[in-house]
Amino acid sequence: MTKYDRDPVFKSNSIQDDYEIKWHKNLGTGISGPVRLCINKSNGEEYALKILLDRPKARKEVTLHWLCSGSEHMVRVVDVYANDVLLPGEGVAKKRILLVMELMKGGELFSYITQKQHFTEKEASQIMKQICLAVQYCHRRNIAHRDLKPENLLLQDKVESTDDLVIKLADFGFAKVDNGDLTTPQFTPYYVAPQVLEAQKRQKEIRQGHRSPSSPYCYDKSCDMWSVGVILYIMLCGYPPFYSEVPNQPITARMRRRIMSGDFEFPDNEWKGMSDSTKDLVRKLLCVEASERITVEDVLRHSWLESVNVPSKNLPSPSIMLDKEQLDQVKAFHSEFLQDMRREEDGFYLKPIGKSNNKLLTSRQNAGLSPERKSKGQAEEMDVEGRRSSVDEGVQSLLELKDICIMPPPLVAGATESFADSVLVEGVRKALTFNENHSGLINLLLSENWNLSDRVFVGMVNRARLAAALQGLMDTAPSIMVT
């Protein structure tokens with residue numbers, strides 16, 4: 001029995017006894033907490049450190065990640081600490097879980113693909129096999145990951161050849177043991193399975209009193225396989241099979257309907273010449289009926305993964321995925337949709353919301369539609385789905401900005417002020433977008449060297465003071481966040 005075959009030990013001694021934490025080295029953001037660099041004091045090795053509030057949900061996440069760390073295709077957990085930690089801007093220390101993980105130096109999978117001048121079906125098949133081996137390890141332990149997406153597929157090292165690629169699965173913030181009772185509609189929009197949307201729909205009906213709560217709708221770990229299908233589709237052609245047609249709206253009524261009915265296509269421009277075996281696997285993964293959807297065991301036995309004759313024809317995906325506007329918007333959509341799910345965990349993991357339209361996906365949607373149908377469809381989306389109220393968006397943007405301010409900034413130890421980084425600047429821009437006429441917000445930003453015309457900070461920023469002032473705004477005048 002290895003140490004990963006039993007539950008983790010939450011060490012109570014200070015993590016700083018064993019590791020030096022580099023607060024200014026931001027390695028990324030998970031569902032439930034930020035990730036920073038740390039260094040083992042005994043051997044000088046670098047690791048990734050994830051910071052979570054010490055709550056039952058966080059302990060469950062850590063335990064499930066630990067139990068899956070025995071796989072070579074999983075980001076390995078090295079140490080777990082339960083410490084009282086005081087972050088800048090806080091009056092008292094809070095109980096937190098500190099998760100030390102192996103450092104993935106190769107970046108995200110899709111970033112690697114975009115850098116490839118030539119990317120073939122054969123290479124995609126090699127990559128998909130590693131992804132499925134990670135999912136297989138989870139599913140054999142009856143664990144549903146529930147957040148399979150490109151950002152959670154990381155490379156161990158930077159390599160030139162796909163033959164040398166080692167891909168690992170990260171972030172167990174949504175993971176749960178599958179006892180046939182998965183009901184929580186937690187997901188990232190582009191990768192969500194129909195069953196998870198159905199669970200969300202039914203929960204909403206129960207809240208509205210339109211359905212009895214006596215028999216909740218449940219789904220299972222087959223939702224992961226749908227997400228694998230979406231990842232495969234994007235990897236092959238460069239864009240998702242299901243997407244939002246409305247800028248800055250992560251999921252729309254039409255997108256929901258298409259997912260629920262499995263309504264996707266293989267456009268000739270990108271899919272012509274791809275093997276029938278490839279399309280067969282995509283169809284079996286994006287099967288609406290969960291009971292008929294292919295399992296991870298069957299994927300690993302599928303001819304497309306087993307065959308040595310998978311075509312070496314170049315795929316269009318790298319050049320299409322290089323459309324930075326498209327990738328930024330996809331990530332922004334994911335970020336916005338997850339905020340309500342993350343709020344209960346007290347922040348520190350917020351990304352600014354993009355404002356650009358997705359030209360590629362818009363062109364996909366509009367292909368073959370008459371102007372009348374385009375106009376009607378857009379009007380229908382706005383009518384059916386609606387917009388969140390400006391007040392909610394205003395308050396939410398201030399909460400996000402406060403969270404960014406509280407995060408450990410790139411400061412010299414003991415300093416109270418620093419120059420603003422890009423995350424803080426984007427957070428302020430978003431807050432002003434939704435609170436553009438709020439004089440209180442504008443005045444406190446001006447006091448911290450914000451330049452209204454250039455939309456940047458022109459001097460040092462005291463983040464702790466800014467966070468306290470933002471909280472004061474929300475405490476004293478919550479009803480006038482937007483005027």
# chains A, B, ... in the order shown; residues from 1 in each chain; ligands from 1

call {"tool": "residues_around", "arguments": {"residues": "Pro318 in chain A", "least_positions_apart": "2", "cutoff": "6 Å", "atoms": "only C-alpha atoms", "output": "list in words"}}
result
Ile113, Thr114, Pro316, Ile320 and Met321 of chain A

call {"tool": "residues_around", "arguments": {"residues": "Arg429 in chain A", "least_positions_apart": "4", "cutoff": "10 Å", "atoms": "only C-alpha atoms", "output": "ChimeraX atom specification"}}
result
/A:352-353,397,401,423-425,433-436,452,455-456

call {"tool": "write_last_selection", "arguments": {"atoms": "C-alpha atoms", "output": "compact mmCIF listing (two decimals), in the first residue's frame"}}
result
# COMPACT_ATOMS: atom_id res chain seq x y z
CA PRO A 352 -11.20 39.96 -15.48
CA ILE A 353 -14.07 39.64 -17.93
CA SER A 397 -17.48 43.49 -9.81
CA LEU A 401 -11.96 43.79 -7.08
CA VAL A 423 -4.85 41.68 -12.74
CA LEU A 424 -5.57 44.63 -10.44
CA VAL A 425 -5.84 47.06 -13.36
CA THR A 433 -17.63 49.41 -16.37
CA PHE A 434 -20.49 48.33 -14.12
CA ASN A 435 -20.29 51.34 -11.75
CA GLU A 436 -19.24 54.08 -14.15
CA LEU A 452 -9.50 58.07 -15.30
CA ARG A 455 -7.57 53.81 -17.18
CA VAL A 456 -4.35 52.85 -15.35

call {"tool": "atom_distance", "arguments": {"atom1": "CA of Tyr219 in chain A", "atom2": "CA of Leu232 in chain A"}}
result
22.1 Å

call {"tool": "closest_residue", "arguments": {"among": "A:Asn13, A:Tyr191, A:Gly107, A:Trp66", "to": "Leu27 in chain A", "atoms": "only C-alpha atoms"}}
result
A:Gly107

call {"tool": "residues_around", "arguments": {"residues": "Asp54 in chain A", "least_positions_apart": "3", "cutoff": "8 Å", "atoms": "only C-alpha atoms", "output": "ChimeraX atom specification"}}
result
/A:58-59,82,95-97

call {"tool": "closest_residue", "arguments": {"among": "A:Met128, A:Leu103, A:Met74, A:Val230", "to": "Lys168 in chain A", "atoms": "only C-alpha atoms"}}
result
A:Met74

call {"tool": "closest_residue", "arguments": {"among": "A:Glu292, A:Glu121, A:Glu108, A:Asp178", "to": "Asp157 in chain A", "atoms": "only C-alpha atoms"}}
result
A:Glu108

call {"tool": "closest_residue", "arguments": {"among": "A:Phe172, A:Trp23, A:Phe266, A:Phe457", "to": "Ala420 in chain A", "atoms": "only C-alpha atoms"}}
result
A:Phe457

call {"tool": "residues_around", "arguments": {"residues": "range 39-41 of chain A", "least_positions_apart": "3", "cutoff": "10 Å", "atoms": "only C-alpha atoms", "output": "ChimeraX atom specification"}}
result
/A:15-22,44-49,100

call {"tool": "write_last_selection", "arguments": {"atoms": "all heavy atoms", "output": "compact mmCIF listing (two decimals), in the first residue's frame"}}
result
# COMPACT_ATOMS: atom_id res chain seq x y z
N ILE A 15 3.79 25.59 7.62
CA ILE A 15 4.35 25.24 6.31
C ILE A 15 5.68 25.96 6.10
O ILE A 15 6.57 25.45 5.40
CB ILE A 15 3.36 25.60 5.18
CG1 ILE A 15 3.88 25.08 3.82
CG2 ILE A 15 3.12 27.10 5.11
CD1 ILE A 15 2.92 25.24 2.68
N GLN A 16 5.86 27.10 6.75
CA GLN A 16 7.09 27.86 6.57
C GLN A 16 8.29 27.22 7.28
O GLN A 16 9.43 27.64 7.07
CB GLN A 16 6.88 29.30 7.03
CG GLN A 16 5.85 30.02 6.18
CD GLN A 16 5.73 31.49 6.49
OE1 GLN A 16 6.62 32.29 6.17
NE2 GLN A 16 4.62 31.87 7.10
N ASP A 17 8.02 26.20 8.08
CA ASP A 17 9.13 25.40 8.61
C ASP A 17 9.81 24.61 7.49
O ASP A 17 11.01 24.34 7.56
CB ASP A 17 8.63 24.40 9.66
CG ASP A 17 8.09 25.08 10.91
OD1 ASP A 17 8.42 26.27 11.13
OD2 ASP A 17 7.35 24.42 11.67
N ASP A 18 9.02 24.24 6.51
CA ASP A 18 9.50 23.33 5.46
C ASP A 18 9.62 23.98 4.09
O ASP A 18 10.40 23.52 3.25
CB ASP A 18 8.55 22.13 5.35
CG ASP A 18 8.33 21.43 6.68
OD1 ASP A 18 9.32 21.26 7.42
OD2 ASP A 18 7.17 21.07 6.98
N TYR A 19 8.85 25.03 3.84
CA TYR A 19 8.82 25.64 2.51
C TYR A 19 8.93 27.16 2.61
O TYR A 19 8.39 27.79 3.52
CB TYR A 19 7.52 25.29 1.78
CG TYR A 19 7.36 23.83 1.45
CD1 TYR A 19 6.74 22.96 2.36
CD2 TYR A 19 7.83 23.30 0.25
CE1 TYR A 19 6.60 21.61 2.07
CE2 TYR A 19 7.69 21.96 -0.05
CZ TYR A 19 7.08 21.11 0.87
OH TYR A 19 6.93 19.78 0.57
N GLU A 20 9.58 27.73 1.61
CA GLU A 20 9.60 29.18 1.44
C GLU A 20 8.54 29.52 0.39
O GLU A 20 8.57 29.00 -0.73
CB GLU A 20 10.97 29.65 0.96
CG GLU A 20 11.03 31.15 0.71
CD GLU A 20 12.33 31.58 0.08
OE1 GLU A 20 13.23 30.71 -0.12
OE2 GLU A 20 12.47 32.79 -0.23
N ILE A 21 7.59 30.38 0.76
CA ILE A 21 6.48 30.70 -0.15
C ILE A 21 6.81 31.98 -0.93
O ILE A 21 7.15 33.01 -0.35
CB ILE A 21 5.17 30.89 0.62
CG1 ILE A 21 4.83 29.61 1.41
CG2 ILE A 21 4.03 31.23 -0.33
CD1 ILE A 21 3.64 29.75 2.32
N LYS A 22 6.72 31.90 -2.24
CA LYS A 22 6.95 33.04 -3.12
C LYS A 22 5.59 33.64 -3.50
O LYS A 22 5.00 33.29 -4.53
CB LYS A 22 7.72 32.62 -4.37
CG LYS A 22 9.09 32.02 -4.09
CD LYS A 22 10.06 33.07 -3.56
CE LYS A 22 11.47 32.53 -3.42
NZ LYS A 22 12.41 33.56 -2.92
N GLY A 44 15.69 22.48 -2.01
CA GLY A 44 15.65 23.54 -3.01
C GLY A 44 14.71 23.29 -4.17
O GLY A 44 14.67 24.10 -5.12
N GLU A 45 13.93 22.21 -4.14
CA GLU A 45 13.02 21.90 -5.24
C GLU A 45 11.80 22.82 -5.22
O GLU A 45 11.30 23.19 -4.15
CB GLU A 45 12.57 20.44 -5.17
CG GLU A 45 13.66 19.44 -5.51
CD GLU A 45 13.11 18.03 -5.63
OE1 GLU A 45 11.90 17.87 -5.83
OE2 GLU A 45 13.91 17.09 -5.51
N GLU A 46 11.34 23.18 -6.41
CA GLU A 46 10.20 24.07 -6.55
C GLU A 46 8.89 23.27 -6.65
O GLU A 46 8.85 22.22 -7.29
CB GLU A 46 10.36 24.95 -7.78
CG GLU A 46 11.51 25.93 -7.70
CD GLU A 46 11.62 26.81 -8.91
OE1 GLU A 46 11.25 26.36 -10.02
OE2 GLU A 46 12.10 27.96 -8.77
N TYR A 47 7.85 23.81 -6.03
CA TYR A 47 6.53 23.18 -6.06
C TYR A 47 5.46 24.25 -6.25
O TYR A 47 5.72 25.45 -6.11
CB TYR A 47 6.27 22.41 -4.75
CG TYR A 47 7.16 21.23 -4.55
CD1 TYR A 47 8.35 21.34 -3.84
CD2 TYR A 47 6.83 19.98 -5.08
CE1 TYR A 47 9.19 20.25 -3.65
CE2 TYR A 47 7.67 18.88 -4.91
CZ TYR A 47 8.83 19.02 -4.19
OH TYR A 47 9.66 17.94 -4.01
N ALA A 48 4.27 23.80 -6.57
CA ALA A 48 3.12 24.69 -6.66
C ALA A 48 2.33 24.60 -5.35
O ALA A 48 2.15 23.51 -4.81
CB ALA A 48 2.23 24.28 -7.83
N LEU A 49 1.88 25.74 -4.85
CA LEU A 49 1.15 25.79 -3.58
C LEU A 49 -0.25 26.35 -3.83
O LEU A 49 -0.41 27.48 -4.27
CB LEU A 49 1.89 26.67 -2.57
CG LEU A 49 1.17 26.90 -1.24
CD1 LEU A 49 1.10 25.59 -0.45
CD2 LEU A 49 1.88 27.98 -0.42
N VAL A 100 0.56 21.43 -1.27
CA VAL A 100 1.82 21.46 -2.01
C VAL A 100 1.78 20.40 -3.10
O VAL A 100 1.58 19.21 -2.82
CB VAL A 100 3.02 21.20 -1.07
CG1 VAL A 100 4.33 21.27 -1.85
CG2 VAL A 100 3.03 22.20 0.08

call {"tool": "residues_around", "arguments": {"residues": "range 286-291 of chain A", "least_positions_apart": "4", "cutoff": "9 Å", "atoms": "only C-alpha atoms", "output": "PyMOL selection string"}}
result
chain A and resi 193-195+219-220+222-223+225-230+259-262+264+281-282

call {"tool": "write_last_selection", "arguments": {"atoms": "N, CA and C atoms", "output": "PDB file, in the first residue's frame"}}
result
ATOM      1  N   ALA A 193     -22.131  18.525 -19.638  1.00  0.00           N
ATOM      2  CA  ALA A 193     -22.942  17.440 -20.204  1.00  0.00           C
ATOM      3  C   ALA A 193     -24.429  17.757 -20.050  1.00  0.00           C
ATOM      4  N   PRO A 194     -25.264  17.198 -20.921  1.00  0.00           N
ATOM      5  CA  PRO A 194     -26.721  17.434 -20.832  1.00  0.00           C
ATOM      6  C   PRO A 194     -27.292  17.088 -19.459  1.00  0.00           C
ATOM      7  N   GLN A 195     -26.801  16.022 -18.835  1.00  0.00           N
ATOM      8  CA  GLN A 195     -27.350  15.593 -17.547  1.00  0.00           C
ATOM      9  C   GLN A 195     -27.105  16.642 -16.458  1.00  0.00           C
ATOM     10  N   TYR A 219     -27.144  12.506 -11.614  1.00  0.00           N
ATOM     11  CA  TYR A 219     -26.337  12.093 -12.756  1.00  0.00           C
ATOM     12  C   TYR A 219     -25.106  11.370 -12.236  1.00  0.00           C
ATOM     13  N   ASP A 220     -24.220  10.919 -13.132  1.00  0.00           N
ATOM     14  CA  ASP A 220     -23.060  10.146 -12.681  1.00  0.00           C
ATOM     15  C   ASP A 220     -21.796  10.602 -13.400  1.00  0.00           C
ATOM     16  N   SER A 222     -20.361   9.702 -15.915  1.00  0.00           N
ATOM     17  CA  SER A 222     -20.362   9.737 -17.378  1.00  0.00           C
ATOM     18  C   SER A 222     -20.322  11.172 -17.896  1.00  0.00           C
ATOM     19  N   CYS A 223     -20.647  12.151 -17.021  1.00  0.00           N
ATOM     20  CA  CYS A 223     -20.555  13.553 -17.433  1.00  0.00           C
ATOM     21  C   CYS A 223     -19.119  13.898 -17.848  1.00  0.00           C
ATOM     22  N   MET A 225     -17.117  12.061 -19.536  1.00  0.00           N
ATOM     23  CA  MET A 225     -16.843  11.600 -20.901  1.00  0.00           C
ATOM     24  C   MET A 225     -17.374  12.585 -21.937  1.00  0.00           C
ATOM     25  N   TRP A 226     -18.485  13.232 -21.625  1.00  0.00           N
ATOM     26  CA  TRP A 226     -18.973  14.294 -22.514  1.00  0.00           C
ATOM     27  C   TRP A 226     -17.909  15.389 -22.620  1.00  0.00           C
ATOM     28  N   SER A 227     -17.351  15.785 -21.486  1.00  0.00           N
ATOM     29  CA  SER A 227     -16.316  16.824 -21.487  1.00  0.00           C
ATOM     30  C   SER A 227     -15.099  16.385 -22.293  1.00  0.00           C
ATOM     31  N   VAL A 228     -14.736  15.116 -22.189  1.00  0.00           N
ATOM     32  CA  VAL A 228     -13.637  14.577 -22.997  1.00  0.00           C
ATOM     33  C   VAL A 228     -13.970  14.735 -24.485  1.00  0.00           C
ATOM     34  N   GLY A 229     -15.224  14.500 -24.839  1.00  0.00           N
ATOM     35  CA  GLY A 229     -15.646  14.652 -26.232  1.00  0.00           C
ATOM     36  C   GLY A 229     -15.501  16.077 -26.727  1.00  0.00           C
ATOM     37  N   VAL A 230     -15.847  17.044 -25.885  1.00  0.00           N
ATOM     38  CA  VAL A 230     -15.709  18.447 -26.271  1.00  0.00           C
ATOM     39  C   VAL A 230     -14.233  18.801 -26.440  1.00  0.00           C
ATOM     40  N   ILE A 259     -26.962  21.635 -26.598  1.00  0.00           N
ATOM     41  CA  ILE A 259     -26.294  20.627 -25.768  1.00  0.00           C
ATOM     42  C   ILE A 259     -27.271  19.529 -25.388  1.00  0.00           C
ATOM     43  N   MET A 260     -28.466  19.922 -24.955  1.00  0.00           N
ATOM     44  CA  MET A 260     -29.458  18.939 -24.494  1.00  0.00           C
ATOM     45  C   MET A 260     -29.902  18.004 -25.618  1.00  0.00           C
ATOM     46  N   SER A 261     -29.826  18.472 -26.851  1.00  0.00           N
ATOM     47  CA  SER A 261     -30.236  17.632 -27.986  1.00  0.00           C
ATOM     48  C   SER A 261     -29.048  17.039 -28.738  1.00  0.00           C
ATOM     49  N   GLY A 262     -27.818  17.378 -28.306  1.00  0.00           N
ATOM     50  CA  GLY A 262     -26.639  16.868 -29.003  1.00  0.00           C
ATOM     51  C   GLY A 262     -26.531  17.388 -30.420  1.00  0.00           C
ATOM     52  N   PHE A 264     -24.742  19.116 -32.928  1.00  0.00           N
ATOM     53  CA  PHE A 264     -23.459  19.663 -33.373  1.00  0.00           C
ATOM     54  C   PHE A 264     -23.161  19.133 -34.771  1.00  0.00           C
ATOM     55  N   LEU A 281     -15.719   8.378 -32.815  1.00  0.00           N
ATOM     56  CA  LEU A 281     -15.417   8.535 -31.399  1.00  0.00           C
ATOM     57  C   LEU A 281     -16.054   9.807 -30.842  1.00  0.00           C
ATOM     58  N   VAL A 282     -15.999  10.898 -31.601  1.00  0.00           N
ATOM     59  CA  VAL A 282     -16.618  12.150 -31.156  1.00  0.00           C
ATOM     60  C   VAL A 282     -18.110  11.944 -30.935  1.00  0.00           C
TER      61      VAL A 282
END

call {"tool": "select_by_dssp", "arguments": {"residues": "range 145-227 of chain A", "states": "strand (DSSP E or B)", "output": "MDAnalysis selection string"}}
result
chainID A and resid 153:155 167:169 176:177 182 219

call {"tool": "select_by_dssp", "arguments": {"residues": "range 28-109 of chain A", "states": "alpha helix (DSSP H)", "output": "list in words"}}
result
Pro56, Lys57, Ala58, Arg59, Lys60, Glu61, Val62, Thr63, Leu64, His65, Trp66, Leu67 and Leu109 of chain A

call {"tool": "write_last_selection", "arguments": {"atoms": "N, CA and C atoms", "output": "PDB file, in the first residue's frame"}}
result
ATOM      1  N   PRO A  56     -15.057  22.033   5.087  1.00  0.00           N
ATOM      2  CA  PRO A  56     -15.285  20.638   4.670  1.00  0.00           C
ATOM      3  C   PRO A  56     -15.139  20.434   3.165  1.00  0.00           C
ATOM      4  N   LYS A  57     -15.604  21.397   2.370  1.00  0.00           N
ATOM      5  CA  LYS A  57     -15.506  21.288   0.915  1.00  0.00           C
ATOM      6  C   LYS A  57     -14.048  21.226   0.472  1.00  0.00           C
ATOM      7  N   ALA A  58     -13.205  22.081   1.086  1.00  0.00           N
ATOM      8  CA  ALA A  58     -11.788  22.096   0.728  1.00  0.00           C
ATOM      9  C   ALA A  58     -11.111  20.793   1.137  1.00  0.00           C
ATOM     10  N   ARG A  59     -11.449  20.276   2.301  1.00  0.00           N
ATOM     11  CA  ARG A  59     -10.845  19.015   2.752  1.00  0.00           C
ATOM     12  C   ARG A  59     -11.252  17.862   1.844  1.00  0.00           C
ATOM     13  N   LYS A  60     -12.476  17.907   1.351  1.00  0.00           N
ATOM     14  CA  LYS A  60     -12.910  16.871   0.413  1.00  0.00           C
ATOM     15  C   LYS A  60     -12.107  16.966  -0.884  1.00  0.00           C
ATOM     16  N   GLU A  61     -11.937  18.187  -1.387  1.00  0.00           N
ATOM     17  CA  GLU A  61     -11.149  18.389  -2.605  1.00  0.00           C
ATOM     18  C   GLU A  61      -9.738  17.835  -2.445  1.00  0.00           C
ATOM     19  N   VAL A  62      -9.100  18.185  -1.321  1.00  0.00           N
ATOM     20  CA  VAL A  62      -7.731  17.746  -1.064  1.00  0.00           C
ATOM     21  C   VAL A  62      -7.659  16.224  -0.956  1.00  0.00           C
ATOM     22  N   THR A  63      -8.623  15.632  -0.262  1.00  0.00           N
ATOM     23  CA  THR A  63      -8.614  14.177  -0.082  1.00  0.00           C
ATOM     24  C   THR A  63      -8.763  13.447  -1.412  1.00  0.00           C
ATOM     25  N   LEU A  64      -9.695  13.900  -2.254  1.00  0.00           N
ATOM     26  CA  LEU A  64      -9.896  13.237  -3.546  1.00  0.00           C
ATOM     27  C   LEU A  64      -8.685  13.414  -4.452  1.00  0.00           C
ATOM     28  N   HIS A  65      -8.088  14.594  -4.443  1.00  0.00           N
ATOM     29  CA  HIS A  65      -6.880  14.818  -5.243  1.00  0.00           C
ATOM     30  C   HIS A  65      -5.742  13.926  -4.744  1.00  0.00           C
ATOM     31  N   TRP A  66      -5.600  13.837  -3.432  1.00  0.00           N
ATOM     32  CA  TRP A  66      -4.568  12.987  -2.838  1.00  0.00           C
ATOM     33  C   TRP A  66      -4.754  11.529  -3.260  1.00  0.00           C
ATOM     34  N   LEU A  67      -5.972  11.031  -3.186  1.00  0.00           N
ATOM     35  CA  LEU A  67      -6.241   9.632  -3.509  1.00  0.00           C
ATOM     36  C   LEU A  67      -6.009   9.311  -4.983  1.00  0.00           C
ATOM     37  N   LEU A 109      -2.117  22.398 -21.970  1.00  0.00           N
ATOM     38  CA  LEU A 109      -2.079  21.557 -23.171  1.00  0.00           C
ATOM     39  C   LEU A 109      -2.362  22.352 -24.438  1.00  0.00           C
TER      40      LEU A 109
END

call {"tool": "residues_around", "arguments": {"residues": "Ser125 in chain A", "least_positions_apart": "4", "cutoff": "8 Å", "atoms": "only C-alpha atoms", "output": "list in words"}}
result
Glu121, Lys129, Trp304, Leu305 and Val310 of chain A

call {"tool": "atom_distance", "arguments": {"atom1": "CA of Ile51 in chain A", "atom2": "CA of Leu98 in chain A"}}
result
5.0 Å
